[in-house]
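Undergrad: If it helps, the file is called my_file00.pdb and holds PDB, C-alpha atoms:
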ATOM      1  CA  MET A   1      75.223 101.733  84.660
ATOM      2  CA  SER A   2      78.594 103.136  83.636
ATOM      3  CA  ASP A   3      78.198 106.121  85.973
ATOM      4  CA  GLU A   4      78.145 103.916  89.083
ATOM      5  CA  ARG A   5      81.912 104.438  89.342
ATOM      6  CA  LEU A   6      81.653 108.230  89.238
ATOM      7  CA  ILE A   7      82.684 109.709  92.603
ATOM      8  CA  LEU A   8      82.714 113.428  91.849
ATOM      9  CA  SER A   9      83.441 115.935  89.103
ATOM     10  CA  GLY A  10      84.700 119.478  88.751
ATOM     11  CA  VAL A  11      84.212 122.058  86.013
ATOM     12  CA  ALA A  12      87.332 123.939  84.944
ATOM     13  CA  PRO A  13      86.912 127.741  85.049
ATOM     14  CA  GLY A  14      88.333 128.253  81.579
ATOM     15  CA  GLY A  15      86.815 125.612  79.340
ATOM     16  CA  PRO A  16      88.540 122.679  77.596
ATOM     17  CA  ILE A  17      91.331 120.794  79.354
ATOM     18  CA  HIS A  18      94.293 119.618  77.288
ATOM     19  CA  GLY A  19      96.470 118.046  79.962
ATOM     20  CA  LEU A  20      96.530 117.286  83.671
ATOM     21  CA  ALA A  21      98.900 116.048  86.341
ATOM     22  CA  VAL A  22      98.279 114.910  89.918
ATOM     23  CA  VAL A  23     100.583 115.190  92.945
ATOM     24  CA  ASP A  24     100.118 114.495  96.640
ATOM     25  CA  VAL A  25     100.281 117.601  98.825
ATOM     26  CA  ASP A  26      99.825 117.189 102.584
ATOM     27  CA  GLY A  27      98.067 113.867 102.104
ATOM     28  CA  GLU A  28      95.574 115.170  99.531
ATOM     29  CA  PRO A  29      95.611 114.963  95.739
ATOM     30  CA  LEU A  30      96.238 118.230  93.928
ATOM     31  CA  VAL A  31      95.339 118.355  90.244
ATOM     32  CA  VAL A  32      97.051 120.734  87.824
ATOM     33  CA  CYS A  33      95.459 121.234  84.414
ATOM     34  CA  THR A  34      96.000 123.342  81.296
ATOM     35  CA  GLY A  35      93.984 124.803  78.465
ATOM     36  CA  PHE A  36      93.843 127.973  76.342
ATOM     37  CA  TYR A  37      96.812 129.857  77.836
ATOM     38  CA  LYS A  38      95.680 129.182  81.410
ATOM     39  CA  LEU A  39      96.790 126.883  84.176
ATOM     40  CA  TRP A  40      94.652 125.949  87.179
ATOM     41  CA  SER A  41      94.900 123.719  90.198
ATOM     42  CA  TRP A  42      91.976 121.794  91.629
ATOM     43  CA  ALA A  43      91.802 120.324  95.129
ATOM     44  CA  PRO A  44      89.060 117.721  94.533
ATOM     45  CA  LEU A  45      88.335 116.949  98.184
ATOM     46  CA  ARG A  46      87.472 120.630  98.717
ATOM     47  CA  ASP A  47      86.361 121.414  95.153
ATOM     48  CA  GLU A  48      88.717 124.395  95.224
ATOM     49  CA  TRP A  49      89.877 125.861  91.902
ATOM     50  CA  LEU A  50      92.741 128.363  91.680
ATOM     51  CA  GLU A  51      94.167 130.037  88.628
ATOM     52  CA  ARG A  52      97.968 129.733  88.716
ATOM     53  CA  PRO A  53      99.723 132.560  86.866
ATOM     54  CA  LEU A  54     103.145 131.623  85.552
ATOM     55  CA  ALA A  55     106.007 133.915  84.601
ATOM     56  CA  SER A  56     106.731 134.223  80.890
ATOM     57  CA  PRO A  57     108.950 131.387  79.660
ATOM     58  CA  PHE A  58     111.202 134.157  78.284
ATOM     59  CA  ALA A  59     111.239 136.184  81.514
ATOM     60  CA  GLU A  60     114.980 135.829  81.979
ATOM     61  CA  GLY A  61     118.055 136.236  79.816
ATOM     62  CA  PRO A  62     118.485 137.812  76.360
ATOM     63  CA  LEU A  63     115.131 136.516  75.077
ATOM     64  CA  ALA A  64     113.164 138.639  77.573
ATOM     65  CA  ALA A  65     113.634 141.834  75.555
ATOM     66  CA  GLU A  66     112.649 140.059  72.334
ATOM     67  CA  HIS A  67     109.406 138.730  73.860
ATOM     68  CA  PRO A  68     108.152 141.419  76.272
ATOM     69  CA  ASP A  69     104.487 140.433  75.882
ATOM     70  CA  ALA A  70     104.905 136.664  75.703
ATOM     71  CA  VAL A  71     102.230 134.537  77.358
ATOM     72  CA  ASN A  72     102.351 130.845  78.082
ATOM     73  CA  ASP A  73     100.860 128.570  75.433
ATOM     74  CA  ILE A  74     100.862 125.263  77.297
ATOM     75  CA  ASP A  75      98.969 122.056  76.569
ATOM     76  CA  SER A  76     101.026 119.307  78.209
ATOM     77  CA  VAL A  77     101.886 119.423  81.905
ATOM     78  CA  ALA A  78     103.785 117.362  84.485
ATOM     79  CA  ALA A  79     104.456 117.966  88.169
ATOM     80  CA  ALA A  80     106.628 116.683  91.005
ATOM     81  CA  VAL A  81     106.974 117.512  94.700
ATOM     82  CA  PHE A  82     110.493 118.338  95.892
ATOM     83  CA  ASP A  83     111.630 119.989  99.126
ATOM     84  CA  GLY A  84     108.016 120.746 100.038
ATOM     85  CA  ARG A  85     107.102 122.589  96.863
ATOM     86  CA  VAL A  86     105.359 121.603  93.649
ATOM     87  CA  VAL A  87     107.634 121.907  90.624
ATOM     88  CA  LEU A  88     105.806 122.175  87.316
ATOM     89  CA  ALA A  89     106.971 121.501  83.749
ATOM     90  CA  ALA A  90     104.807 122.404  80.771
ATOM     91  CA  GLY A  91     104.880 123.158  77.058
ATOM     92  CA  GLY A  92     102.628 123.104  74.047
ATOM     93  CA  ASP A  93     102.129 123.216  70.306
ATOM     94  CA  GLU A  94     103.602 126.715  70.117
ATOM     95  CA  GLN A  95     105.987 126.681  73.082
ATOM     96  CA  GLY A  96     108.941 124.669  74.243
ATOM     97  CA  ALA A  97     109.030 123.179  77.713
ATOM     98  CA  ALA A  98     109.899 125.283  80.767
ATOM     99  CA  ILE A  99     109.887 124.685  84.542
ATOM    100  CA  TRP A 100     108.190 126.745  87.279
ATOM    101  CA  ASP A 101     107.467 126.790  90.986
ATOM    102  CA  LEU A 102     103.698 126.277  91.078
ATOM    103  CA  SER A 103     102.964 128.347  94.205
ATOM    104  CA  SER A 104     104.892 131.464  93.224
ATOM    105  CA  GLY A 105     104.796 131.114  89.447
ATOM    106  CA  GLU A 106     108.562 131.740  89.441
ATOM    107  CA  LEU A 107     110.362 130.547  86.327
ATOM    108  CA  LEU A 108     113.021 127.993  87.276
ATOM    109  CA  ARG A 109     114.194 127.138  83.773
ATOM    110  CA  GLY A 110     113.053 128.945  80.647
ATOM    111  CA  THR A 111     112.496 127.719  77.116
ATOM    112  CA  ALA A 112     114.647 128.304  74.059
ATOM    113  CA  ASP A 113     113.461 130.636  71.306
ATOM    114  CA  ASN A 114     111.200 128.918  68.739
ATOM    115  CA  GLY A 115     111.153 125.454  70.171
ATOM    116  CA  PRO A 116     111.354 122.622  70.607
ATOM    117  CA  TYR A 117     107.541 122.396  70.774
ATOM    118  CA  VAL A 118     105.970 119.789  73.067
ATOM    119  CA  SER A 119     103.437 117.026  72.425
ATOM    120  CA  SER A 120     103.933 115.135  75.693
ATOM    121  CA  ILE A 121     105.708 115.701  78.996
ATOM    122  CA  ALA A 122     106.173 113.543  82.109
ATOM    123  CA  ALA A 123     107.920 113.678  85.482
ATOM    124  CA  VAL A 124     110.790 111.207  85.750
ATOM    125  CA  GLU A 125     110.543 108.884  88.745
ATOM    126  CA  ASN A 126     113.958 109.359  90.306
ATOM    127  CA  GLU A 127     115.817 110.111  93.504
ATOM    128  CA  GLY A 128     116.979 113.667  94.073
ATOM    129  CA  PRO A 129     115.952 116.892  92.306
ATOM    130  CA  PRO A 130     113.070 116.638  89.842
ATOM    131  CA  LEU A 131     113.675 115.659  86.238
ATOM    132  CA  PHE A 132     111.218 115.840  83.349
ATOM    133  CA  VAL A 133     111.085 114.264  79.909
ATOM    134  CA  ALA A 134     109.450 115.848  76.866
ATOM    135  CA  SER A 135     108.777 114.853  73.263
ATOM    136  CA  SER A 136     107.456 116.754  70.291
ATOM    137  CA  GLY A 137     105.790 114.415  67.819
ATOM    138  CA  VAL A 138     106.353 115.879  64.365
ATOM    139  CA  HIS A 139     108.506 118.864  65.381
ATOM    140  CA  TRP A 140     111.586 116.889  66.455
ATOM    141  CA  ASP A 141     112.524 113.241  66.929
ATOM    142  CA  GLY A 142     113.164 111.328  70.133
ATOM    143  CA  ALA A 143     112.769 112.749  73.624
ATOM    144  CA  GLU A 144     114.760 114.944  75.981
ATOM    145  CA  VAL A 145     115.324 114.769  79.760
ATOM    146  CA  TRP A 146     116.201 117.866  81.784
ATOM    147  CA  GLY A 147     115.719 119.520  85.162
ATOM    148  CA  PRO A 148     115.465 122.982  86.735
ATOM    149  CA  GLY A 149     119.260 123.392  86.982
ATOM    150  CA  GLU A 150     121.763 124.349  84.329
ATOM    151  CA  GLU A 151     122.829 120.792  83.540
ATOM    152  CA  PRO A 152     122.627 119.845  79.849
ATOM    153  CA  SER A 153     119.705 117.716  78.784
ATOM    154  CA  ILE A 154     119.893 113.986  78.063
ATOM    155  CA  GLU A 155     118.766 113.044  74.562
ATOM    156  CA  LEU A 156     116.799 109.845  74.018
ATOM    157  CA  GLU A 157     117.124 108.841  70.385
ATOM    158  CA  ALA A 158     114.142 107.592  68.395
ATOM    159  CA  GLY A 159     111.791 108.667  65.633
ATOM    160  CA  SER A 160     108.697 110.775  66.282
ATOM    161  CA  VAL A 161     107.501 110.318  69.883
ATOM    162  CA  TRP A 162     103.918 111.297  70.783
ATOM    163  CA  GLY A 163     103.374 109.797  74.229
ATOM    164  CA  LEU A 164     105.598 109.330  77.292
ATOM    165  CA  ALA A 165     105.595 107.424  80.577
ATOM    166  CA  THR A 166     108.161 106.908  83.337
ATOM    167  CA  ALA A 167     108.871 104.316  86.013
ATOM    168  CA  ARG A 168     111.447 103.386  88.645
ATOM    169  CA  LEU A 169     112.407  99.705  88.262
ATOM    170  CA  ASP A 170     115.276  97.857  89.960
ATOM    171  CA  GLY A 171     116.858 101.151  90.969
ATOM    172  CA  ARG A 172     116.768 102.583  87.437
ATOM    173  CA  SER A 173     114.690 105.456  86.087
ATOM    174  CA  LEU A 174     113.057 104.395  82.829
ATOM    175  CA  VAL A 175     111.212 106.286  80.097
ATOM    176  CA  ALA A 176     108.890 104.764  77.513
ATOM    177  CA  GLY A 177     107.973 106.633  74.352
ATOM    178  CA  GLY A 178     105.308 105.778  71.826
ATOM    179  CA  GLY A 179     105.201 106.962  68.235
ATOM    180  CA  GLU A 180     105.089 106.021  64.592
ATOM    181  CA  GLU A 181     107.743 103.332  65.092
ATOM    182  CA  GLY A 182     105.996 101.630  68.032
ATOM    183  CA  VAL A 183     107.362 101.789  71.600
ATOM    184  CA  THR A 184     110.910 102.490  72.805
ATOM    185  CA  VAL A 185     112.191 102.157  76.394
ATOM    186  CA  TRP A 186     115.310 103.985  77.657
ATOM    187  CA  ASP A 187     117.463 104.159  80.784
ATOM    188  CA  VAL A 188     117.483 107.813  81.866
ATOM    189  CA  ALA A 189     120.930 107.620  83.486
ATOM    190  CA  ASN A 190     122.770 107.232  80.191
ATOM    191  CA  GLY A 191     120.124 107.559  77.483
ATOM    192  CA  GLU A 192     120.628 103.914  76.496
ATOM    193  CA  GLU A 193     117.813 102.183  74.614
ATOM    194  CA  LEU A 194     116.758  99.089  76.556
ATOM    195  CA  ALA A 195     113.948  97.705  74.408
ATOM    196  CA  SER A 196     111.710  98.431  71.451
ATOM    197  CA  PHE A 197     108.372  96.968  70.437
ATOM    198  CA  SER A 198     106.294  97.122  67.266
ATOM    199  CA  VAL A 199     102.530  97.435  66.908
ATOM    200  CA  HIS A 200     100.600  96.336  63.836
ATOM    201  CA  ASP A 201     101.489  97.914  60.505
ATOM    202  CA  GLY A 202      99.977 101.343  60.006
ATOM    203  CA  GLU A 203      99.209 101.935  63.689
ATOM    204  CA  VAL A 204     100.687 104.838  65.656
ATOM    205  CA  THR A 205     101.257 104.616  69.409
ATOM    206  CA  TYR A 206      99.997 107.775  71.111
ATOM    207  CA  THR A 207     100.026 106.736  74.776
ATOM    208  CA  VAL A 208     102.163 104.464  76.968
ATOM    209  CA  GLY A 209     102.451 103.298  80.580
ATOM    210  CA  PHE A 210     104.466 100.948  82.805
ATOM    211  CA  SER A 211     103.036  98.164  84.958
ATOM    212  CA  GLN A 212     103.847  94.721  86.379
ATOM    213  CA  LEU A 213     102.249  91.322  85.774
ATOM    214  CA  ASP A 214     103.305  88.449  88.043
ATOM    215  CA  ASP A 215     106.431  90.417  89.014
ATOM    216  CA  ARG A 216     107.322  90.913  85.334
ATOM    217  CA  PRO A 217     107.693  94.529  84.196
ATOM    218  CA  VAL A 218     105.530  95.391  81.209
ATOM    219  CA  VAL A 219     104.880  98.424  79.054
ATOM    220  CA  VAL A 220     101.338  99.236  77.896
ATOM    221  CA  ALA A 221     100.595 101.086  74.652
ATOM    222  CA  GLY A 222      97.454 102.673  73.207
ATOM    223  CA  THR A 223      97.182 103.328  69.478
ATOM    224  CA  ASP A 224      95.294 105.464  66.972
ATOM    225  CA  SER A 225      93.173 102.437  66.064
ATOM    226  CA  GLY A 226      91.811 102.190  69.624
ATOM    227  CA  LYS A 227      93.826  99.113  70.611
ATOM    228  CA  VAL A 228      95.741  98.422  73.846
ATOM    229  CA  TYR A 229      98.979  96.407  73.646
ATOM    230  CA  VAL A 230     100.937  94.882  76.547
ATOM    231  CA  PHE A 231     104.646  94.060  76.051
ATOM    232  CA  ASP A 232     106.944  92.118  78.394
ATOM    233  CA  LEU A 233     110.060  94.083  79.359
ATOM    234  CA  SER A 234     111.845  90.974  80.658
ATOM    235  CA  GLY A 235     112.422  89.770  77.105
ATOM    236  CA  SER A 236     110.634  86.429  77.496
ATOM    237  CA  GLU A 237     108.119  87.131  74.718
ATOM    238  CA  ASP A 238     110.679  87.963  71.974
ATOM    239  CA  GLY A 239     109.155  91.395  71.501
ATOM    240  CA  ASP A 240     105.626  90.146  70.799
ATOM    241  CA  PRO A 241     102.665  91.373  72.871
ATOM    242  CA  ILE A 242     101.800  89.003  75.693
ATOM    243  CA  HIS A 243      98.297  88.582  74.263
ATOM    244  CA  GLU A 244      96.216  89.898  71.401
ATOM    245  CA  PRO A 245      95.708  93.644  71.645
ATOM    246  CA  ALA A 246      92.494  94.668  73.374
ATOM    247  CA  ALA A 247      90.038  96.667  71.298
ATOM    248  CA  GLY A 248      87.013  98.742  72.223
ATOM    249  CA  HIS A 249      87.494 102.445  71.546
ATOM    250  CA  GLU A 250      86.137 103.820  68.300
ATOM    251  CA  GLY A 251      89.116 105.803  67.100
ATOM    252  CA  ARG A 252      92.314 106.969  68.744
ATOM    253  CA  ILE A 253      93.309 106.427  72.366
ATOM    254  CA  ASN A 254      94.396 109.887  73.507
ATOM    255  CA  ALA A 255      95.374 109.155  77.114
ATOM    256  CA  LEU A 256      96.373 106.188  79.256
ATOM    257  CA  ASP A 257      97.474 105.473  82.808
ATOM    258  CA  VAL A 258      97.929 102.302  84.837
ATOM    259  CA  ALA A 259      97.174 101.190  88.377
ATOM    260  CA  MET A 260      97.447  98.233  90.721
ATOM    261  CA  VAL A 261      94.023  97.633  92.235
ATOM    262  CA  GLY A 262      94.682  95.105  94.958
ATOM    263  CA  ASP A 263      96.868  92.573  93.153
ATOM    264  CA  ARG A 264      95.261  93.244  89.771
ATOM    265  CA  ALA A 265      96.976  95.372  87.124
ATOM    266  CA  VAL A 266      94.652  97.578  85.108
ATOM    267  CA  ALA A 267      94.943 100.312  82.501
ATOM    268  CA  VAL A 268      92.552 103.235  82.137
ATOM    269  CA  THR A 269      92.189 104.766  78.680
ATOM    270  CA  GLY A 270      90.467 107.862  77.338
ATOM    271  CA  GLY A 271      89.492 108.082  73.716
ATOM    272  CA  GLU A 272      88.590 110.249  70.788
ATOM    273  CA  ASP A 273      85.128 108.695  71.100
ATOM    274  CA  GLY A 274      84.557 110.439  74.448
ATOM    275  CA  THR A 275      84.566 107.253  76.511
ATOM    276  CA  VAL A 276      86.785 106.002  79.326
ATOM    277  CA  ARG A 277      87.586 102.306  79.567
ATOM    278  CA  ILE A 278      89.210 100.075  82.198
ATOM    279  CA  TRP A 279      91.239  97.040  81.057
ATOM    280  CA  ASP A 280      92.500  93.980  82.893
ATOM    281  CA  LEU A 281      96.088  93.757  81.677
ATOM    282  CA  VAL A 282      96.516  90.028  82.332
ATOM    283  CA  GLY A 283      93.989  88.966  79.725
ATOM    284  CA  GLY A 284      93.366  92.190  77.850
ATOM    285  CA  ARG A 285      89.707  92.156  78.779
ATOM    286  CA  PRO A 286      87.501  95.156  79.600
ATOM    287  CA  VAL A 287      86.515  95.630  83.242
ATOM    288  CA  GLY A 288      82.840  96.533  83.080
ATOM    289  CA  PRO A 289      81.159  98.736  80.484
ATOM    290  CA  PRO A 290      82.676 101.954  79.104
ATOM    291  CA  LEU A 291      82.532 104.946  81.446
ATOM    292  CA  THR A 292      80.472 107.642  79.787
ATOM    293  CA  GLY A 293      79.594 111.212  80.628
ATOM    294  CA  HIS A 294      82.191 113.298  78.828
ATOM    295  CA  ASP A 295      80.556 115.304  76.035
ATOM    296  CA  ALA A 296      83.676 115.443  73.864
ATOM    297  CA  ARG A 297      86.939 113.610  73.344
ATOM    298  CA  VAL A 298      88.934 112.630  76.414
ATOM    299  CA  GLU A 299      92.479 114.021  76.326
ATOM    300  CA  ALA A 300      93.894 113.315  79.792
ATOM    301  CA  VAL A 301      93.875 110.397  82.247
ATOM    302  CA  ALA A 302      95.704 110.216  85.580
ATOM    303  CA  VAL A 303      95.484 107.498  88.224
ATOM    304  CA  THR A 304      95.946 108.298  91.915
ATOM    305  CA  THR A 305      94.453 107.506  95.332
ATOM    306  CA  MET A 306      91.814 109.475  97.145
ATOM    307  CA  ARG A 307      91.045 108.650 100.781
ATOM    308  CA  ASP A 308      92.935 105.361 100.314
ATOM    309  CA  ARG A 309      90.824 104.410  97.312
ATOM    310  CA  PRO A 310      92.293 103.979  93.798
ATOM    311  CA  VAL A 311      90.721 106.440  91.383
ATOM    312  CA  ALA A 312      91.133 107.654  87.816
ATOM    313  CA  LEU A 313      90.786 111.305  86.849
ATOM    314  CA  THR A 314      89.732 112.004  83.264
ATOM    315  CA  ALA A 315      89.314 115.263  81.385
ATOM    316  CA  GLY A 316      89.049 116.676  77.902
ATOM    317  CA  ARG A 317      87.347 119.052  75.536
ATOM    318  CA  ASP A 318      84.202 119.406  77.651
ATOM    319  CA  GLY A 319      86.224 121.103  80.425
ATOM    320  CA  VAL A 320      85.100 118.682  83.145
ATOM    321  CA  ILE A 321      87.344 116.534  85.342
ATOM    322  CA  ARG A 322      85.623 113.327  86.372
ATOM    323  CA  VAL A 323      86.855 111.107  89.207
ATOM    324  CA  TRP A 324      86.078 107.387  88.840
ATOM    325  CA  ASP A 325      86.301 104.636  91.471
ATOM    326  CA  LEU A 326      88.681 101.897  90.296
ATOM    327  CA  THR A 327      87.794  99.428  93.046
ATOM    328  CA  LEU A 328      87.100  96.077  91.374
TER     329      LEU A 328
END
Would you mind writing the file's structure down as structure tokens?
TA:
Amino acid sequence: MSDERLILSGVAPGGPIHGLAVVDVDGEPLVVCTGFYKLWSWAPLRDEWLERPLASPFAEGPLAAEHPDAVNDIDSVAAAVFDGRVVLAAGGDEQGAAIWDLSSGELLRGTADNGPYVSSIAAVENEGPPLFVASSGVHWDGAEVWGPGEEPSIELEAGSVWGLATARLDGRSLVAGGGEEGVTVWDVANGEELASFSVHDGEVTYTVGFSQLDDRPVVVAGTDSGKVYVFDLSGSEDGDPIHEPAAGHEGRINALDVAMVGDRAVAVTGGEDGTVRIWDLVGGRPVGPPLTGHDARVEAVAVTTMRDRPVALTAGRDGVIRVWDLTL
């Protein structure tokens, strides 16, 4: 039975969930999720939901007077813990990215007027103050890295980027972006492009993730055709995937995250077909049957640990977060 992995679930107070992020607070996972102008947090071990009001993204500066009644329209969300507080970055189809303190709702860095709108956002894995990276799909090309301070952003050049992932490898903070031109990997420090990979003609990469296979860094990509690609970042495969892309989803892969379960690298994907799937990245094979239960498309996947057990959290249009056991 596919529901044998289901540990628990929680129903969001406001309906569909468009994006979620997970951080560790005092040894417990804290989930932050968005949907329909609202943002909530969920403490799964206590099943505690809290609505988290956020200041208007135009609450400061000359734009405040022009947008006195502005509300947050956020779909994509990322979070990081710094100096004991949760720092949140979010944006959406009708709002550029901004940064807040989650507990107080205080705006730490506002958004510019009329853009740039956000399709994906991720916390950069780095040392020091939090950094975030955002992309916009069709609204603007490439990706942009910025933080809560006044420092100028770092531009990562590419075509349309729909999905983002970050990693810390060999002392460098890396970003991967997936889009119509395949997958691009950058060094955050200087915006330099380190690698690029192509998927099959006509496919669009909507989700990406970093992992390691036999001490080799790899980047994982999910496409609109429901396929999962694995590319070697060490350069030993001449840009080709390390094996044939894995297929199983009927339609687009909307969300993807990766995990090490013991010494086994896996990816967890959520699809337009409403299913969740686990993949062994070494051979590109499915791990067990699809995980079912969501009544609509899955739009968010995040991997974390809960009571020392690897788990995947999935959510989407049905407004339910499900927590799945990844133990193999």
Undergrad: Can you give me, as a list in words, the residues this file yields under the PyMOL selection byres ((chain A and resi 25) around 9)?
TA: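 When the PyMOL selection byres ((chain A and resi 25) around 9) is applied to the shown file, the picked residues are Val23, Asp24, Asp26, Gly27, Glu28, Pro29, Leu30, Val81, Gly84, Arg85 and Val86 of chain A.
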Undergrad: For C-alpha atoms, I'd like the residues from the last selection saved as a PDB file, keeping the file's coordinate frame.
TA:
ATOM      1  CA  VAL A  23     100.583 115.190  92.945  1.00  0.00           C
ATOM      2  CA  ASP A  24     100.118 114.495  96.640  1.00  0.00           C
ATOM      3  CA  ASP A  26      99.825 117.189 102.584  1.00  0.00           C
ATOM      4  CA  GLY A  27      98.067 113.867 102.104  1.00  0.00           C
ATOM      5  CA  GLU A  28      95.574 115.170  99.531  1.00  0.00           C
ATOM      6  CA  PRO A  29      95.611 114.963  95.739  1.00  0.00           C
ATOM      7  CA  LEU A  30      96.238 118.230  93.928  1.00  0.00           C
ATOM      8  CA  VAL A  81     106.974 117.512  94.700  1.00  0.00           C
ATOM      9  CA  GLY A  84     108.016 120.746 100.038  1.00  0.00           C
ATOM     10  CA  ARG A  85     107.102 122.589  96.863  1.00  0.00           C
ATOM     11  CA  VAL A  86     105.359 121.603  93.649  1.00  0.00           C
TER      12      VAL A  86
END
Undergrad: Using all atoms listed in the file, list the residues that have an atom at most 12 Å from (121.7, 109.0, 82.0), coordinates as in the file, as a PDB file with C-alpha atoms, in the coordinates of the input.
TA:
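Once everything was written out, this is out37.pdb:
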ATOM      1  CA  VAL A 124     110.790 111.207  85.750  1.00  0.00           C
ATOM      2  CA  ASN A 126     113.958 109.359  90.306  1.00  0.00           C
ATOM      3  CA  LEU A 131     113.675 115.659  86.238  1.00  0.00           C
ATOM      4  CA  GLU A 144     114.760 114.944  75.981  1.00  0.00           C
ATOM      5  CA  VAL A 145     115.324 114.769  79.760  1.00  0.00           C
ATOM      6  CA  TRP A 146     116.201 117.866  81.784  1.00  0.00           C
ATOM      7  CA  GLU A 151     122.829 120.792  83.540  1.00  0.00           C
ATOM      8  CA  PRO A 152     122.627 119.845  79.849  1.00  0.00           C
ATOM      9  CA  SER A 153     119.705 117.716  78.784  1.00  0.00           C
ATOM     10  CA  ILE A 154     119.893 113.986  78.063  1.00  0.00           C
ATOM     11  CA  GLU A 155     118.766 113.044  74.562  1.00  0.00           C
ATOM     12  CA  LEU A 156     116.799 109.845  74.018  1.00  0.00           C
ATOM     13  CA  ARG A 172     116.768 102.583  87.437  1.00  0.00           C
ATOM     14  CA  SER A 173     114.690 105.456  86.087  1.00  0.00           C
ATOM     15  CA  LEU A 174     113.057 104.395  82.829  1.00  0.00           C
ATOM     16  CA  VAL A 175     111.212 106.286  80.097  1.00  0.00           C
ATOM     17  CA  TRP A 186     115.310 103.985  77.657  1.00  0.00           C
ATOM     18  CA  ASP A 187     117.463 104.159  80.784  1.00  0.00           C
ATOM     19  CA  VAL A 188     117.483 107.813  81.866  1.00  0.00           C
ATOM     20  CA  ALA A 189     120.930 107.620  83.486  1.00  0.00           C
ATOM     21  CA  ASN A 190     122.770 107.232  80.191  1.00  0.00           C
ATOM     22  CA  GLY A 191     120.124 107.559  77.483  1.00  0.00           C
ATOM     23  CA  GLU A 192     120.628 103.914  76.496  1.00  0.00           C
ATOM     24  CA  GLU A 193     117.813 102.183  74.614  1.00  0.00           C
TER      25      GLU A 193
END
Undergrad: From the set A:Ala12, A:Ala259, A:Ala21, A:Leu194, which residue has the shortest atom-to-atom contact distance to A:Gly235, counting all atoms listed in the file?
TA: A:Leu194
Undergrad: List as a PDB file with C-alpha atoms, keeping the file's coordinate frame the protein and nucleic acid residues near stretch 278-281 of chain A, meaning an atom at most 8 Å away when all atoms listed in the file are counted, but skip any in the same chain fewer than 2 places from it.
TA:
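Below is the file that was written, around28.pdb:
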ATOM      1  CA  LEU A 213     102.249  91.322  85.774  1.00  0.00           C
ATOM      2  CA  VAL A 230     100.937  94.882  76.547  1.00  0.00           C
ATOM      3  CA  ARG A 264      95.261  93.244  89.771  1.00  0.00           C
ATOM      4  CA  ALA A 265      96.976  95.372  87.124  1.00  0.00           C
ATOM      5  CA  VAL A 266      94.652  97.578  85.108  1.00  0.00           C
ATOM      6  CA  ALA A 267      94.943 100.312  82.501  1.00  0.00           C
ATOM      7  CA  VAL A 268      92.552 103.235  82.137  1.00  0.00           C
ATOM      8  CA  THR A 269      92.189 104.766  78.680  1.00  0.00           C
ATOM      9  CA  VAL A 276      86.785 106.002  79.326  1.00  0.00           C
ATOM     10  CA  GLY A 283      93.989  88.966  79.725  1.00  0.00           C
ATOM     11  CA  GLY A 284      93.366  92.190  77.850  1.00  0.00           C
ATOM     12  CA  ARG A 285      89.707  92.156  78.779  1.00  0.00           C
ATOM     13  CA  PRO A 286      87.501  95.156  79.600  1.00  0.00           C
ATOM     14  CA  VAL A 287      86.515  95.630  83.242  1.00  0.00           C
ATOM     15  CA  GLY A 288      82.840  96.533  83.080  1.00  0.00           C
ATOM     16  CA  PRO A 290      82.676 101.954  79.104  1.00  0.00           C
TER      17      PRO A 290
END
Undergrad: Starting from the shown file, work through the PyMOL selection byres ((chain A and resi 94-111) around 8) and note down what comes out as a ChimeraX atom specification.
TA: /A:52-60,72-74,85-93,112-118,134,147-149
Undergrad: Run through the PyMOL selection byres ((chain A and resi 306-314) around 9) on the given coordinates and return the selected residues as a PyMOL selection string.
TA: chain A and resi 7+9+20+22+27-29+45+255+257+259-261+268-270+276+294+298-305+315-316+320-327
Undergrad: Skipping near chain neighbours, those fewer than 5 positions away, what residues fall within 8 Å of A:Trp49 using all atoms listed in the file, listed as JSON, numbers by chain?
TA: {"A": [12, 13, 40, 41, 42, 43]}
Undergrad: Using all atoms listed in the file, which of the listed residues (A:Val218, A:Gly10, A:Leu291, A:Arg297) sits closest to A:Gly251?
TA: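 Result for the nearest residue to A:Gly251: A:Arg297.
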Undergrad: Out of A:Asp263, A:Asp3, A:Asp238, A:Glu48, which residue has the shortest atom-to-atom distance to A:Gln212 when counting only C-alpha atoms?
TA: A:Asp263
Undergrad: List the neighbours of A:Glu244 out to 12 Å using all atoms listed in the file; skip same-chain residues closer than 2 positions along the sequence, and give me the result as a list in words.
TA: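 Once the adjacent positions are removed, what remains is Val199, His200, Lys227, Val228, Tyr229, Val230, Phe231, Asp240, Pro241, Ile242, Ala246, Ala247, Leu281, Val282, Gly283, Gly284 and Arg285 of chain A.
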Undergrad: Given the choices A:Leu8, A:Pro44, A:Gly293, A:Pro245, which gets closest to A:Asp318 if the distance is worked out from only C-alpha atoms?
TA: A:Gly293
Undergrad: Near stretch 160-165 of chain A, counting only C-alpha atoms, which residues have an atom at most 8 Å away, once you skip same-chain residues fewer than 2 positions from it, shown as a ChimeraX atom specification?
TA: /A:119-122,133-138,140-143,158,167,175-181,205-210
Undergrad: With only C-alpha atoms as the basis for distance, which of A:Val185, A:His139, A:Thr275, A:Leu256 is at the shortest distance from A:Ser234?
TA: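 The shortest atom-to-atom distance to A:Ser234 comes from A:Val185.
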Undergrad: For atom CA of A:Glu272 and atom CA of A:Asp295, quote the distance in Å rounded to one decimal.
TA: 10.8 Å
Undergrad: Rank A:Asp47, A:Asp170, A:Ala79, A:His18 by their smallest atom-to-atom distance to A:Val32, using all atoms listed in the file, and report the top residue only.
TA: A:Ala79
Undergrad: Record the distance separating atom CA of A:His243 and atom CA of A:Arg168, expressed in Å with one decimal.
TA: 24.5 Å
Undergrad: Neighbouring residues of A:Ser196 were defined as those with any atom within 8 Å, considering all atoms listed in the file; residues of the same chain fewer than 4 positions away were excluded. Please report them as a count of residues only.
TA: 5
